[in-house]
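Visitor: Just so it is clear, I am handing over work39.txt, which has compact mmCIF, C-alpha atoms.
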# COMPACT_ATOMS: atom_id res chain seq x y z
CA MET A 706 -5.61 -13.18 17.45
CA ASP A 707 -6.13 -10.40 19.98
CA SER A 708 -4.96 -11.61 23.39
CA ASN A 709 -8.02 -10.00 24.96
CA ARG A 710 -10.15 -12.78 23.43
CA ASP A 711 -8.34 -15.57 25.30
CA GLY A 712 -10.87 -15.77 28.09
CA ILE A 713 -13.93 -15.23 25.97
CA MET A 714 -15.62 -18.54 26.80
CA GLN A 715 -15.49 -17.75 30.52
CA ALA A 716 -17.49 -14.55 30.03
CA ARG A 717 -20.32 -15.99 27.90
CA GLU A 718 -23.57 -17.77 28.70
CA THR A 719 -23.78 -21.40 27.61
CA GLY A 720 -27.10 -20.95 25.77
CA THR A 721 -27.50 -20.85 22.00
CA LEU A 722 -27.25 -17.07 21.73
CA GLY A 723 -24.17 -17.01 23.93
CA LYS A 724 -22.47 -19.64 21.79
CA LEU A 725 -23.29 -17.74 18.61
CA MET A 726 -21.84 -14.57 20.12
CA VAL A 727 -18.67 -16.48 20.99
CA LEU A 728 -18.28 -17.47 17.35
CA LEU A 729 -18.94 -13.95 16.11
CA ASP A 730 -16.42 -12.57 18.58
CA LEU A 731 -13.77 -15.08 17.58
CA VAL A 732 -14.17 -14.48 13.84
CA THR A 733 -14.44 -10.68 14.00
CA HIS A 734 -11.41 -10.28 16.27
CA ALA A 735 -9.15 -12.65 14.35
CA ASP A 736 -6.28 -11.08 12.42
CA ALA A 737 -7.09 -13.24 9.38
CA PRO A 738 -9.86 -15.60 8.22
CA LEU A 739 -10.12 -18.72 10.39
CA ARG A 740 -10.33 -22.33 9.31
CA PHE A 741 -13.01 -24.56 10.82
CA THR A 742 -10.35 -26.38 12.83
CA ASP A 743 -9.10 -23.06 14.23
CA ILE A 744 -12.57 -22.14 15.45
CA LEU A 745 -13.12 -25.66 16.78
CA SER A 746 -10.04 -25.45 18.99
CA LEU A 747 -10.88 -21.93 20.19
CA ALA A 748 -14.62 -22.31 20.80
CA GLY A 749 -14.54 -25.63 22.63
CA GLN A 750 -17.84 -26.78 21.11
CA PRO A 751 -18.71 -30.18 19.61
CA ARG A 752 -17.87 -30.44 15.93
CA GLY A 753 -21.48 -31.02 14.83
CA THR A 754 -22.84 -28.16 16.94
CA LEU A 755 -20.14 -25.81 15.70
CA HIS A 756 -20.75 -26.69 12.06
CA ARG A 757 -24.48 -26.06 12.47
CA GLN A 758 -24.01 -22.73 14.25
CA LEU A 759 -21.50 -21.46 11.71
CA GLY A 760 -23.99 -22.40 9.01
CA HIS A 761 -26.67 -20.27 10.68
CA LEU A 762 -24.32 -17.29 10.88
CA VAL A 763 -23.34 -17.68 7.22
CA GLU A 764 -27.01 -17.86 6.19
CA GLU A 765 -27.70 -14.61 8.05
CA GLY A 766 -24.76 -12.85 6.41
CA LEU A 767 -22.99 -12.30 9.72
CA ILE A 768 -20.08 -14.53 8.72
CA GLU A 769 -18.74 -15.34 5.25
CA VAL A 770 -16.89 -18.46 4.13
CA ASP A 771 -14.44 -18.32 1.22
CA VAL A 772 -13.61 -20.95 -1.40
CA ASP A 773 -10.92 -22.36 0.89
CA GLY A 774 -13.43 -22.86 3.70
CA ARG A 775 -12.11 -20.02 5.87
CA TYR A 776 -14.48 -17.88 7.91
CA ALA A 777 -14.43 -14.06 8.04
CA PRO A 778 -16.80 -11.28 9.19
CA GLY A 779 -19.84 -10.87 6.95
CA LEU A 780 -20.93 -7.69 5.21
CA ARG A 781 -24.16 -7.57 7.22
CA LEU A 782 -22.06 -6.60 10.23
CA LEU A 783 -21.01 -3.46 8.36
CA ASP A 784 -24.66 -2.55 7.91
CA PHE A 785 -25.30 -3.03 11.62
CA ALA A 786 -22.25 -0.95 12.51
CA ALA A 787 -23.15 1.86 10.10
CA ARG A 788 -26.71 2.10 11.42
CA SER A 789 -25.56 2.00 15.03
CA TRP A 790 -22.96 4.71 14.41
CA ALA A 791 -25.37 6.95 12.51
CA ARG A 792 -27.99 6.78 15.26
CA ASN A 793 -25.73 6.97 18.31
CA GLU A 794 -27.15 9.77 20.46
CA PHE A 795 -23.86 10.57 22.19
CA ARG A 796 -22.07 10.97 18.86
CA LEU A 797 -24.85 13.13 17.42
CA ILE A 798 -24.76 15.44 20.45
CA ALA A 799 -20.97 15.71 20.29
CA GLU A 800 -20.64 16.12 16.51
CA PRO A 801 -20.89 19.95 16.23
CA HIS A 802 -18.57 20.47 19.19
CA LEU A 803 -15.95 18.15 17.70
CA ALA A 804 -16.11 20.16 14.47
CA ASP A 805 -15.71 23.44 16.38
CA LEU A 806 -12.69 22.08 18.23
CA GLN A 807 -11.07 20.93 15.00
CA GLN A 808 -11.69 24.33 13.41
CA ALA A 809 -10.10 26.09 16.38
CA THR A 810 -6.96 23.93 16.47
CA GLY A 811 -6.56 22.47 12.99
CA GLU A 812 -5.73 19.09 14.53
CA THR A 813 -7.56 15.76 14.65
CA VAL A 814 -10.29 15.49 17.28
CA HIS A 815 -11.50 12.19 18.74
CA LEU A 816 -14.56 11.15 20.73
CA GLY A 817 -14.32 7.98 22.80
CA VAL A 818 -16.24 5.98 25.37
CA LEU A 819 -14.91 3.71 28.11
CA ARG A 820 -15.85 0.05 27.74
CA GLY A 821 -14.19 -2.22 30.24
CA SER A 822 -10.50 -1.37 30.17
CA SER A 823 -10.58 -0.01 26.61
CA ILE A 824 -11.55 3.21 24.90
CA ILE A 825 -13.78 2.74 21.85
CA TYR A 826 -13.52 5.61 19.37
CA LEU A 827 -17.02 6.67 18.27
CA ASP A 828 -16.10 9.59 16.06
CA LYS A 829 -13.25 11.71 14.74
CA VAL A 830 -12.78 14.90 12.76
CA GLU A 831 -9.61 14.86 10.69
CA GLY A 832 -7.13 17.68 11.10
CA ARG A 833 -6.28 20.08 8.29
CA GLN A 834 -2.55 19.44 8.48
CA PRO A 835 -0.85 17.34 5.77
CA VAL A 836 0.73 15.03 8.38
CA ARG A 837 -1.85 13.43 10.67
CA MET A 838 -2.07 10.40 12.92
CA TYR A 839 -3.86 7.30 11.65
CA SER A 840 -6.91 6.22 13.63
CA GLN A 841 -10.17 4.48 12.85
CA ILE A 842 -13.68 4.84 14.22
CA GLY A 843 -14.68 1.70 16.11
CA ASN A 844 -11.14 0.80 17.10
CA ALA A 845 -10.30 0.11 20.72
CA SER A 846 -7.23 1.37 22.59
CA PRO A 847 -6.05 0.63 26.13
CA CYS A 848 -7.32 3.09 28.72
CA TYR A 849 -4.01 3.39 30.57
CA CYS A 850 -1.94 4.87 27.73
CA THR A 851 -4.36 7.20 25.92
CA GLY A 852 -5.48 10.70 26.82
CA VAL A 853 -9.19 9.90 26.52
CA GLY A 854 -8.67 6.70 28.50
CA LYS A 855 -6.91 8.35 31.42
CA ALA A 856 -9.37 11.24 31.41
CA ALA A 857 -12.24 8.75 31.59
CA LEU A 858 -10.59 6.81 34.42
CA SER A 859 -10.37 10.02 36.43
CA ARG A 860 -14.18 10.12 36.60
CA LEU A 861 -14.78 6.50 37.55
CA PRO A 862 -16.22 5.89 41.04
CA ALA A 863 -13.46 4.85 43.46
CA GLU A 864 -14.61 1.24 43.76
CA SER A 865 -14.97 0.80 40.00
CA LEU A 866 -11.51 2.28 39.44
CA ALA A 867 -9.95 0.01 42.07
CA ASN A 868 -11.53 -3.07 40.48
CA LEU A 869 -10.40 -2.05 37.00
CA LEU A 870 -6.82 -1.40 38.11
CA ALA A 871 -6.69 -4.72 39.97
CA ASP A 872 -7.53 -6.63 36.78
CA LEU A 873 -5.55 -4.47 34.35
CA SER A 874 -2.74 -6.03 32.33
CA PHE A 875 -0.12 -3.57 31.11
CA THR A 876 1.74 -3.67 27.80
CA ARG A 877 4.68 -1.33 27.23
CA PHE A 878 4.04 0.30 23.85
CA THR A 879 6.69 3.01 24.23
CA ALA A 880 9.24 4.16 26.78
CA SER A 881 6.56 6.44 28.25
CA THR A 882 3.83 3.82 28.78
CA HIS A 883 2.58 3.18 32.31
CA VAL A 884 3.41 -0.37 33.33
CA SER A 885 2.14 -0.36 36.92
CA ALA A 886 -1.16 0.44 38.60
CA GLU A 887 0.64 2.60 41.16
CA THR A 888 2.08 5.10 38.69
CA LEU A 889 -1.14 5.15 36.68
CA LEU A 890 -3.24 5.83 39.79
CA ALA A 891 -0.96 8.70 40.77
CA GLU A 892 -1.51 10.34 37.39
CA ILE A 893 -5.26 9.66 37.46
CA ARG A 894 -5.51 11.53 40.76
CA GLU A 895 -3.65 14.46 39.23
CA ILE A 896 -5.95 14.38 36.20
CA ALA A 897 -9.00 14.41 38.48
CA ASP A 898 -7.73 17.64 40.02
CA LEU A 899 -6.75 19.29 36.73
CA GLY A 900 -9.76 18.24 34.67
CA TYR A 901 -7.69 17.15 31.66
CA ALA A 902 -5.16 14.50 30.66
CA PHE A 903 -2.17 14.17 28.34
CA ASP A 904 -0.91 11.33 26.20
CA ARG A 905 2.84 11.93 26.19
CA GLU A 906 3.68 9.48 23.40
CA GLU A 907 2.48 6.63 25.63
CA HIS A 908 0.58 4.55 23.08
CA GLU A 909 2.40 5.51 19.91
CA ALA A 910 5.83 7.12 19.64
CA GLY A 911 5.62 10.57 18.09
CA ILE A 912 1.93 11.12 18.94
CA ARG A 913 0.63 13.41 21.69
CA CYS A 914 -2.79 14.54 22.79
CA VAL A 915 -4.74 16.48 25.39
CA ALA A 916 -8.12 15.13 26.49
CA ALA A 917 -10.99 16.00 28.81
CA PRO A 918 -13.52 13.62 30.37
CA ILE A 919 -17.23 13.38 29.60
CA TRP A 920 -19.56 11.64 32.02
CA SER A 921 -23.20 11.26 32.98
CA GLU A 922 -24.34 12.45 36.40
CA ASP A 923 -24.58 8.92 37.76
CA ARG A 924 -21.22 7.92 36.21
CA THR A 925 -22.79 5.04 34.29
CA PHE A 926 -21.53 6.63 31.08
CA ILE A 927 -17.94 7.84 30.86
CA GLY A 928 -15.88 8.90 27.87
CA GLY A 929 -13.82 11.79 26.62
CA VAL A 930 -12.80 14.12 23.82
CA SER A 931 -9.24 14.79 22.67
CA ILE A 932 -7.03 16.83 20.35
CA THR A 933 -4.31 14.65 18.81
CA GLY A 934 -1.34 15.17 16.53
CA PRO A 935 2.36 14.57 15.93
CA ALA A 936 4.71 15.45 18.77
CA TYR A 937 6.90 17.67 16.60
CA ARG A 938 3.92 19.95 16.04
CA LEU A 939 2.17 19.61 19.41
CA SER A 940 4.55 20.78 22.12
CA MET A 941 3.54 20.21 25.73
CA GLU A 942 3.23 23.98 26.09
CA LEU A 943 0.74 24.10 23.22
CA LEU A 944 -1.22 21.15 24.64
CA ARG A 945 -1.50 22.94 27.98
CA GLN A 946 -2.99 25.92 26.16
CA TRP A 947 -5.45 23.64 24.38
CA ALA A 948 -6.57 22.10 27.67
CA VAL A 949 -9.02 24.99 28.00
CA PRO A 950 -10.85 24.56 24.66
CA VAL A 951 -10.96 20.78 25.03
CA GLN A 952 -12.51 21.15 28.50
CA LEU A 953 -15.03 23.65 27.15
CA ALA A 954 -15.98 21.23 24.36
CA ALA A 955 -16.41 18.41 26.87
CA GLY A 956 -18.59 20.64 29.04
CA ARG A 957 -20.81 21.57 26.10
CA ILE A 958 -21.21 17.93 25.15
CA MET A 959 -22.22 17.04 28.70
CA GLU A 960 -24.73 19.88 28.74
CA GLY A 961 -26.16 18.56 25.48
CA MET A 962 -26.40 15.09 27.01
CA ARG A 963 -28.22 16.47 30.05
CA ILE A 964 -30.74 18.37 27.93
CA ARG A 965 -31.32 15.76 25.25
CA LEU A 966 -31.01 12.51 27.14
CA GLY A 967 -31.91 13.48 30.69
CA PRO A 968 -30.79 11.42 33.71
CA ARG A 969 -29.69 7.87 32.90
CA ARG A 970 -31.70 5.30 34.86
What do you get writing this file as structure tokens?
Guide:
Amino acid sequence: MDSNRDGIMQARETGTLGKLMVLLDLVTHADAPLRFTDILSLAGQPRGTLHRQLGHLVEEGLIEVDVDGRYAPGLRLLDFAARSWARNEFRLIAEPHLADLQQATGETVHLGVLRGSSIIYLDKVEGRQPVRMYSQIGNASPCYCTGVGKAALSRLPAESLANLLADLSFTRFTASTHVSAETLLAEIREIADLGYAFDREEHEAGIRCVAAPIWSEDRTFIGGVSITGPAYRLSMELLRQWAVPVQLAAGRIMEGMRIRLGPRR
């Protein structure tokens, strides 16, 4: 189970909808189907209440139960996700600019948005090269060790950034991963001046990227766009050259947001 789910009960309302969301969150973030007793120990709800709520979720197709009585995400969630992805305004605005960036570089291009301390990948355009990094739309990555994440952090208001860093837990994924708020903050300040960020094999050994931030005028929406590929092909010198096109793509996406969406209120 993802360690980020440990405190889930503390962040939810105690009403019926909140309890149902707790169950959905537990089941969808589990590494494997859960037994009833697993969910009972994690959710902290009375056995009868839990059984009834799981039954409702199964009836609605949000959760499925197999012949062994184990619970897993239901196919209806895929329908929700597909519709949400297809209609996401930010992704639709960014789509042609991601394609242009991929055509110009030949490498994989990602679009991400900051949610809490994670980057959620909304879209990607696969590179043309035979060897590419593996990534999946909808996946979340830590903000402190990804190019899009650090670029996004560089555009957070000072108070929001301070609060995020104060609560951030660091995991060392590679020898290059930031493991302290102090070193991360120093790089974020540098990124804010430069207008772009690098991932120097910080989340995955052998993978590098250059990213630029995307944000709304009131900073209520922050994300980024990146060019990503294997380190043997993407030298730091090449990534510095690509900082210009990735910044231009980010700028065009923001202009599209301003025209199409207007000020966020």
Visitor: In Å to one decimal, how far is CA of Glu906 in chain A from CA of Asn868 in chain A?
Guide: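 Taking CA of Asn868 in chain A and CA of Glu906 in chain A, their separation equals 26.1 Å.
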Visitor: Within 10 Å of Asp872 in chain A, counting all atoms listed in the file, which residues qualify if same-chain residues fewer than 4 places away don't, as a list of chain:residue names?
Guide: A:Ser822, A:Ala867, A:Asn868, A:Ala886
Visitor: Write a file of the just-selected residues containing C-alpha atoms, as a PDB file, in the coordinates of the input.
Guide:
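So the final result, stored in selection_15.pdb, reads:
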ATOM      1  CA  SER A 822     -10.500  -1.370  30.170  1.00  0.00           C
ATOM      2  CA  ALA A 867      -9.950   0.010  42.070  1.00  0.00           C
ATOM      3  CA  ASN A 868     -11.530  -3.070  40.480  1.00  0.00           C
ATOM      4  CA  ALA A 886      -1.160   0.440  38.600  1.00  0.00           C
TER       5      ALA A 886
END
Visitor: May I have the centre and edge lengths, in Å to one decimal, of an axis-aligned box around the listed atoms of range 919-928 of chain A with 6 Å added to every side, as lines of an AutoDock Vina configuration file?
Guide:
center_x = -20.2
center_y = 9.2
center_z = 32.8
size_x = 20.7
size_y = 20.3
size_z = 21.9
Visitor: CA of Gly929 in chain A and CA of Val915 in chain A, how far apart in Å?
Guide: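 Going from CA of Val915 in chain A over to CA of Gly929 in chain A, I get 10.3 Å.
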Visitor: Find the residue from A:Thr721, A:Ser885, A:Ser846, A:Gln758 that sits nearest to Gly821 in chain A; use all atoms listed in the file when measuring.
Guide: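 With all atoms listed in the file as the atom set, the closest residue is A:Ser846.
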